[in-house]
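Peer 1: One structure is given below, represented as structure tokens, and several questions about it will come after.
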Amino acid sequence: MIYTSVDLGSSSIKIVVSLKNNLKFYTLASTKVKSKGIKKGLIKDKDEALSSLKEAISNINKDLGCEIKEVFLNFPLFGAHSTIETSEIEVDGGVITTDHIKKVINKTVRENIPKDMEVLYLEPIVFGLDSDLQVENPKGLTSSTLEVRCAVSVIEKEFLYEYLELLHVAGLEVVDVTYGIIGDYYENIGHDTKNKIGAVVNLGYGKTEIALFNKGILLKGEIIPVGSSKIDKDISYIYKIDRKYAKELKETFAVASSNYADQNDVVEAVNVSGEEIKINQLELSQIVEARLLAIIKSVKNEINNLTNKEIGYIIVTGGITNLVGFPYLLDQEFTCDKIISNMITLGIRGNEYSTSSGLVKYFDNKMQFRDINYSMISKDNINKLAAKKKGVSDNSNILEKFKTYLESN
């Protein structure tokens, strides 16, 4: 199966095309372009956002050699409202099938969700049979009724439709959409997190998203309107340099913890007044560290607002977590198990791809549970692509992956 995910971020737009083969995921193509017209996860200028999205689409199409048409879209936690809903159906024939499971889940949405709301997340927690037995997957079991208890999260349709319209104008069909934080969970989940209550945090550029999960189920989430862009602003203000150069210094010269900085490592620059200045890594990193610690403290406070229970783990991702020394800062505020994203997959190296990569895995898991075989790029297009690349060396990584896919389907 081939899946395509789109992440519309405040700093960049990411598109990832992944191939699943023999239970493993391979990156066929990826792109990251500077995002314009999107601030703190919201579309502020449709024309600029469309221009950035079209650039990303052009890049990915060129890399693939064919056009993407269907995508999976992520959405921020703005306005998310989470509830637990139940429904029940009669089971004709006595033996529960995939169709029965779909029917009872669809009934949950049909009877419990207001028409002005859109479901962005629905996950069965447990199924109940007439024998009072509760199971995670009732397929193949015998019962005269089937009940489901679902975790559901919805938003007002008007928030979502701006995103859908943007992708429609760009020539893309959104097959499914959910919260980006779910992708972060699926990308970084470990066996020791599946039976615990934990928090997932995405330290974005314009905002920070926080969500609670219990045994893999999204409970609720919140957004802090502060992200790593604040660090750029701090650096720009203190050194009197433009914001673009401040961002570059943060990403290429600073470290997250001043304990890892070298005071003798210096770069020379010219500030906005035309004066020559020297910036050493230690001082720069102290600025970065102070802001990051403030954000981490805010995250901790928000987690305490979301639950009065002690969390068993915290997963943290986002581009800023790539900085050297970030784990040291996290250790200062959290004593639970800590998982910091470490994206080293070929084609999507860097924690800014955590959401895109994880959404692919979430969508695949969703399709498998529903016994649906779905590919966002048709086999005909793959055949055409393979034909186009006939003259390419057999060492071509992308071509080999396509061949493997074709041979196994």
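Chain labels A, B, ... are given in the sequence in which chains occur in the structure tokens; within each chain residues are numbered consecutively from 1, and ligands are likewise numbered from 1 in the order shown.
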Please identify all polymer residues within 8 Å of range 223-233 of chain A, counting only C-alpha atoms, omitting same-chain residues fewer than 6 positions from it, and present them as a ChimeraX atom specification.

Peer 2: /A:40,77-78,203-210,243-244,246-247,250,287-288,291-292,295,298-299,320

Peer 1: Once you have the residues from the selection above, write them out as a compact mmCIF listing (two decimals), in the first residue's frame, restricted to N, CA and C atoms.

Peer 2:
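Printed below is out-v5.txt as written:
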```txt
# COMPACT_ATOMS: atom_id res chain seq x y z
N LYS A 40 0.47 29.73 13.62
CA LYS A 40 -0.04 28.97 14.77
C LYS A 40 -1.06 27.92 14.35
N LEU A 77 -5.12 20.82 17.16
CA LEU A 77 -6.11 20.52 18.20
C LEU A 77 -7.05 21.69 18.52
N PHE A 78 -7.06 22.71 17.68
CA PHE A 78 -7.92 23.86 17.93
C PHE A 78 -9.38 23.45 18.02
N LEU A 203 6.38 20.23 20.04
CA LEU A 203 6.88 21.60 20.16
C LEU A 203 7.01 22.18 18.76
N GLY A 204 5.96 22.81 18.29
CA GLY A 204 5.95 23.35 16.94
C GLY A 204 6.59 24.72 16.86
N TYR A 205 6.53 25.30 15.67
CA TYR A 205 7.15 26.61 15.46
C TYR A 205 6.28 27.73 16.02
N GLY A 206 4.96 27.66 15.77
CA GLY A 206 4.09 28.72 16.23
C GLY A 206 3.24 28.36 17.43
N LYS A 207 3.23 27.08 17.80
CA LYS A 207 2.38 26.62 18.90
C LYS A 207 2.95 25.31 19.43
N THR A 208 2.45 24.92 20.60
CA THR A 208 2.81 23.64 21.20
C THR A 208 1.52 22.86 21.47
N GLU A 209 1.46 21.64 20.96
CA GLU A 209 0.27 20.80 21.15
C GLU A 209 0.56 19.72 22.19
N ILE A 210 -0.43 19.49 23.06
CA ILE A 210 -0.29 18.52 24.15
C ILE A 210 -1.53 17.63 24.16
N ARG A 243 15.17 38.50 11.96
CA ARG A 243 14.57 37.25 12.44
C ARG A 243 15.04 36.03 11.64
N LYS A 244 15.22 36.20 10.35
CA LYS A 244 15.65 35.08 9.51
C LYS A 244 17.02 34.56 9.93
N ALA A 246 18.36 35.01 12.88
CA ALA A 246 18.20 34.48 14.24
C ALA A 246 17.75 33.02 14.18
N LYS A 247 16.82 32.72 13.29
CA LYS A 247 16.34 31.34 13.12
C LYS A 247 17.47 30.43 12.65
N LYS A 250 19.79 29.67 15.53
CA LYS A 250 19.15 28.70 16.44
C LYS A 250 19.32 27.27 15.91
N ILE A 287 20.33 31.79 25.89
CA ILE A 287 19.08 32.41 25.47
C ILE A 287 18.08 31.33 25.05
N VAL A 288 18.56 30.39 24.25
CA VAL A 288 17.71 29.29 23.79
C VAL A 288 17.22 28.45 24.97
N ARG A 291 14.35 30.10 27.11
CA ARG A 291 13.03 30.05 26.49
C ARG A 291 12.49 28.63 26.46
N LEU A 292 13.35 27.65 26.16
CA LEU A 292 12.89 26.26 26.12
C LEU A 292 12.42 25.79 27.49
N ILE A 295 8.98 27.10 28.11
CA ILE A 295 7.97 26.35 27.36
C ILE A 295 7.71 25.00 28.02
N SER A 298 5.58 25.35 31.00
CA SER A 298 4.19 25.58 30.58
C SER A 298 3.53 24.27 30.18
N VAL A 299 4.29 23.41 29.50
CA VAL A 299 3.78 22.09 29.12
C VAL A 299 3.42 21.28 30.35
N ILE A 320 12.49 21.52 17.06
CA ILE A 320 13.41 22.07 18.06
C ILE A 320 14.06 20.98 18.90
```

Peer 1: Considering only C-alpha atoms, can you say which of A:Leu64, A:Ile241, A:Val267, A:Val33 comes closest to Ile377 in chain A?

Peer 2: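 Comparing A:Leu64, A:Ile241, A:Val267, A:Val33 against Ile377 in chain A, the winner is A:Leu64.
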
Peer 1: Can you pull out the residues contacting Ile101 in chain A? Cut-off 12 Å, using only C-alpha atoms, and skip same-chain residues under 4 positions away; I want them as JSON, numbers by chain.

Peer 2: {"A": [87, 88, 89, 90, 91, 95, 96, 97, 105, 106, 107, 108, 123, 124, 126, 127, 128, 129, 136, 137, 138, 139, 140, 141, 145, 146, 147, 148, 149, 150, 369, 370, 371]}

Peer 1: In range 174-378 of chain A, what's helix (DSSP H, G or I) per DSSP? Answer as a count of residues only?

Peer 2: 93

Peer 1: List every residue of range 9-124 of chain A that has an atom at most 10 Å from any atom of range 181-194 of chain A, giving for each one its closest atom pair and the distance in Å to one decimal, counting only C-alpha atoms, sorted by chain and then by ascending residue number, as JSON lines.

Peer 2:
```
{"residue": "A:Asn74", "atom": "CA", "partner": "A:Gly183", "partner_atom": "CA", "distance": 8.2}
{"residue": "A:Phe75", "atom": "CA", "partner": "A:Ile181", "partner_atom": "CA", "distance": 8.5}
{"residue": "A:Pro76", "atom": "CA", "partner": "A:Ile181", "partner_atom": "CA", "distance": 7.7}
{"residue": "A:Leu77", "atom": "CA", "partner": "A:Ile181", "partner_atom": "CA", "distance": 8.0}
{"residue": "A:Tyr121", "atom": "CA", "partner": "A:Ile182", "partner_atom": "CA", "distance": 9.0}
```

Peer 1: With distances taken over only C-alpha atoms, which of A:Ile84, A:Val177, A:Ile13, A:Leu219 is nearest to Leu306 in chain A?

Peer 2: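 Result for the nearest residue to Leu306 in chain A: A:Leu219.
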
Peer 1: Determine, counting only C-alpha atoms, which protein, DNA and RNA residues have an atom within 8 Å of an atom of range 272-277 of chain A; residues of the same chain fewer than 4 positions away are not included. Present the result as a list in words.

Peer 2: Lys240, Ile241, Asp242 and Glu268 of chain A

Peer 1: For the atom pair CA of Asp130 in chain A and CA of Lys102 in chain A, what is the interatomic distance in Å to one decimal place?

Peer 2: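 Answer for the CA of Asp130 in chain A to CA of Lys102 in chain A separation: 18.1 Å.
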
Peer 1: Could you please write out, as a ChimeraX atom specification, every residue of range 113-357 of chain A that DSSP assigns to strand (DSSP E)?

Peer 2: /A:117-129,134-135,145-156,173-179,197-203,208-214,217-224,266-270,276-280,313-317,337-340

Peer 1: Save the residues we just selected, C-alpha atoms, as a PDB file, in the first residue's frame?

Peer 2:
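Everything below was put into result_3.pdb:
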```
ATOM      1  CA  MET A 117     -19.539  19.057  14.153  1.00  0.00           C
ATOM      2  CA  GLU A 118     -17.009  16.931  12.292  1.00  0.00           C
ATOM      3  CA  VAL A 119     -15.434  13.769  13.721  1.00  0.00           C
ATOM      4  CA  LEU A 120     -11.646  13.949  13.551  1.00  0.00           C
ATOM      5  CA  TYR A 121     -10.958  11.015  15.827  1.00  0.00           C
ATOM      6  CA  LEU A 122     -12.936   7.921  16.686  1.00  0.00           C
ATOM      7  CA  GLU A 123     -11.356   4.916  18.326  1.00  0.00           C
ATOM      8  CA  PRO A 124     -13.190   1.900  19.759  1.00  0.00           C
ATOM      9  CA  ILE A 125     -12.202   1.389  23.388  1.00  0.00           C
ATOM     10  CA  VAL A 126     -14.020  -1.873  23.981  1.00  0.00           C
ATOM     11  CA  PHE A 127     -16.792  -3.991  22.448  1.00  0.00           C
ATOM     12  CA  GLY A 128     -19.474  -5.647  24.560  1.00  0.00           C
ATOM     13  CA  LEU A 129     -21.270  -8.916  23.805  1.00  0.00           C
ATOM     14  CA  GLN A 134     -15.813  -7.256  26.783  1.00  0.00           C
ATOM     15  CA  VAL A 135     -13.196  -7.557  24.043  1.00  0.00           C
ATOM     16  CA  THR A 145     -25.955  -7.980  20.065  1.00  0.00           C
ATOM     17  CA  LEU A 146     -22.835  -5.893  19.674  1.00  0.00           C
ATOM     18  CA  GLU A 147     -22.116  -2.815  21.757  1.00  0.00           C
ATOM     19  CA  VAL A 148     -19.198  -0.424  21.338  1.00  0.00           C
ATOM     20  CA  ARG A 149     -17.712   2.207  23.590  1.00  0.00           C
ATOM     21  CA  CYS A 150     -15.748   4.778  21.596  1.00  0.00           C
ATOM     22  CA  ALA A 151     -13.468   7.694  22.293  1.00  0.00           C
ATOM     23  CA  VAL A 152     -14.632  10.486  19.996  1.00  0.00           C
ATOM     24  CA  SER A 153     -13.184  13.914  19.312  1.00  0.00           C
ATOM     25  CA  VAL A 154     -14.938  16.509  17.188  1.00  0.00           C
ATOM     26  CA  ILE A 155     -14.463  20.085  15.986  1.00  0.00           C
ATOM     27  CA  GLU A 156     -16.785  22.623  14.417  1.00  0.00           C
ATOM     28  CA  GLU A 173      -8.629  14.986  -2.455  1.00  0.00           C
ATOM     29  CA  VAL A 174      -8.531  14.531   1.308  1.00  0.00           C
ATOM     30  CA  VAL A 175      -9.282  10.853   1.959  1.00  0.00           C
ATOM     31  CA  ASP A 176      -9.141  11.232   5.722  1.00  0.00           C
ATOM     32  CA  VAL A 177      -8.132  13.748   8.355  1.00  0.00           C
ATOM     33  CA  THR A 178      -7.205  13.602  12.017  1.00  0.00           C
ATOM     34  CA  TYR A 179      -5.163  15.454  14.613  1.00  0.00           C
ATOM     35  CA  ILE A 197      -1.417   6.991  30.745  1.00  0.00           C
ATOM     36  CA  GLY A 198       0.984   9.375  29.073  1.00  0.00           C
ATOM     37  CA  ALA A 199       1.371  12.706  27.329  1.00  0.00           C
ATOM     38  CA  VAL A 200       2.426  13.483  23.773  1.00  0.00           C
ATOM     39  CA  VAL A 201       3.901  16.921  23.098  1.00  0.00           C
ATOM     40  CA  ASN A 202       4.713  18.519  19.750  1.00  0.00           C
ATOM     41  CA  LEU A 203       6.875  21.599  20.161  1.00  0.00           C
ATOM     42  CA  THR A 208       2.809  23.637  21.205  1.00  0.00           C
ATOM     43  CA  GLU A 209       0.271  20.801  21.152  1.00  0.00           C
ATOM     44  CA  ILE A 210      -0.295  18.521  24.146  1.00  0.00           C
ATOM     45  CA  ALA A 211      -2.472  15.409  24.307  1.00  0.00           C
ATOM     46  CA  LEU A 212      -3.176  12.705  26.864  1.00  0.00           C
ATOM     47  CA  PHE A 213      -3.329   9.058  25.827  1.00  0.00           C
ATOM     48  CA  ASN A 214      -4.500   6.070  27.849  1.00  0.00           C
ATOM     49  CA  ILE A 217      -6.578   6.055  23.158  1.00  0.00           C
ATOM     50  CA  LEU A 218      -6.613   9.846  22.806  1.00  0.00           C
ATOM     51  CA  LEU A 219      -8.371  11.279  25.848  1.00  0.00           C
ATOM     52  CA  LYS A 220      -8.089  15.038  25.357  1.00  0.00           C
ATOM     53  CA  GLY A 221      -5.692  17.688  24.206  1.00  0.00           C
ATOM     54  CA  GLU A 222      -4.833  21.345  24.367  1.00  0.00           C
ATOM     55  CA  ILE A 223      -2.743  23.961  22.578  1.00  0.00           C
ATOM     56  CA  ILE A 224      -0.293  26.436  24.099  1.00  0.00           C
ATOM     57  CA  VAL A 266      32.221  32.267  17.936  1.00  0.00           C
ATOM     58  CA  VAL A 267      30.515  33.549  14.781  1.00  0.00           C
ATOM     59  CA  GLU A 268      30.808  37.061  13.448  1.00  0.00           C
ATOM     60  CA  ALA A 269      27.746  38.929  12.205  1.00  0.00           C
ATOM     61  CA  VAL A 270      26.449  42.375  11.274  1.00  0.00           C
ATOM     62  CA  GLU A 276      29.947  44.100  13.484  1.00  0.00           C
ATOM     63  CA  ILE A 277      29.224  41.811  16.437  1.00  0.00           C
ATOM     64  CA  LYS A 278      30.503  38.510  17.781  1.00  0.00           C
ATOM     65  CA  ILE A 279      28.145  35.802  19.010  1.00  0.00           C
ATOM     66  CA  ASN A 280      29.580  32.972  21.055  1.00  0.00           C
ATOM     67  CA  TYR A 313       5.583   8.645  30.125  1.00  0.00           C
ATOM     68  CA  ILE A 314       5.969  11.716  27.975  1.00  0.00           C
ATOM     69  CA  ILE A 315       6.695  11.705  24.237  1.00  0.00           C
ATOM     70  CA  VAL A 316       8.189  14.937  22.909  1.00  0.00           C
ATOM     71  CA  THR A 317       8.768  15.797  19.268  1.00  0.00           C
ATOM     72  CA  ASP A 337       9.744   7.834  31.268  1.00  0.00           C
ATOM     73  CA  LYS A 338      10.815  10.228  28.529  1.00  0.00           C
ATOM     74  CA  ILE A 339      10.768   9.483  24.815  1.00  0.00           C
ATOM     75  CA  ILE A 340      12.246  12.097  22.499  1.00  0.00           C
TER      76      ILE A 340
END
```

Peer 1: A:Glu158, A:Asn305, A:Lys36, A:Thr142: which is nearest Lys115 in chain A, counting only C-alpha atoms?

Peer 2: A:Glu158

Peer 1: Can you work out which one of A:Ser356, A:Thr321, A:Ser285, A:Thr31 has the shortest atom-to-atom distance to Asn61 in chain A, counting only C-alpha atoms?

Peer 2: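 Closest to Asn61 in chain A, using only C-alpha atoms: A:Thr31.
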
Peer 1: So that I can see what lies close to Tyr3 in chain A, please list as an MDAnalysis selection string the residues with an atom at most 8 Å from it, counting only C-alpha atoms and leaving out residues fewer than 3 positions away in the same chain.

Peer 2: chainID A and resid 17:19 71:72 360 375:377

Peer 1: Using only C-alpha atoms, pick whichever of A:Arg349, A:Gly180, A:Phe363, A:Glu333 has the shortest atom-to-atom distance to Met1 in chain A.

Peer 2: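 Nearest candidate to Met1 in chain A out of A:Arg349, A:Gly180, A:Phe363, A:Glu333: A:Phe363.
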
Peer 1: Nearest to Tyr362 in chain A: which of A:Leu8, A:Val255, A:Leu73, A:Ile296 is it, counting only C-alpha atoms?

Peer 2: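 Among A:Leu8, A:Val255, A:Leu73, A:Ile296, it is A:Leu73 that comes nearest to Tyr362 in chain A.
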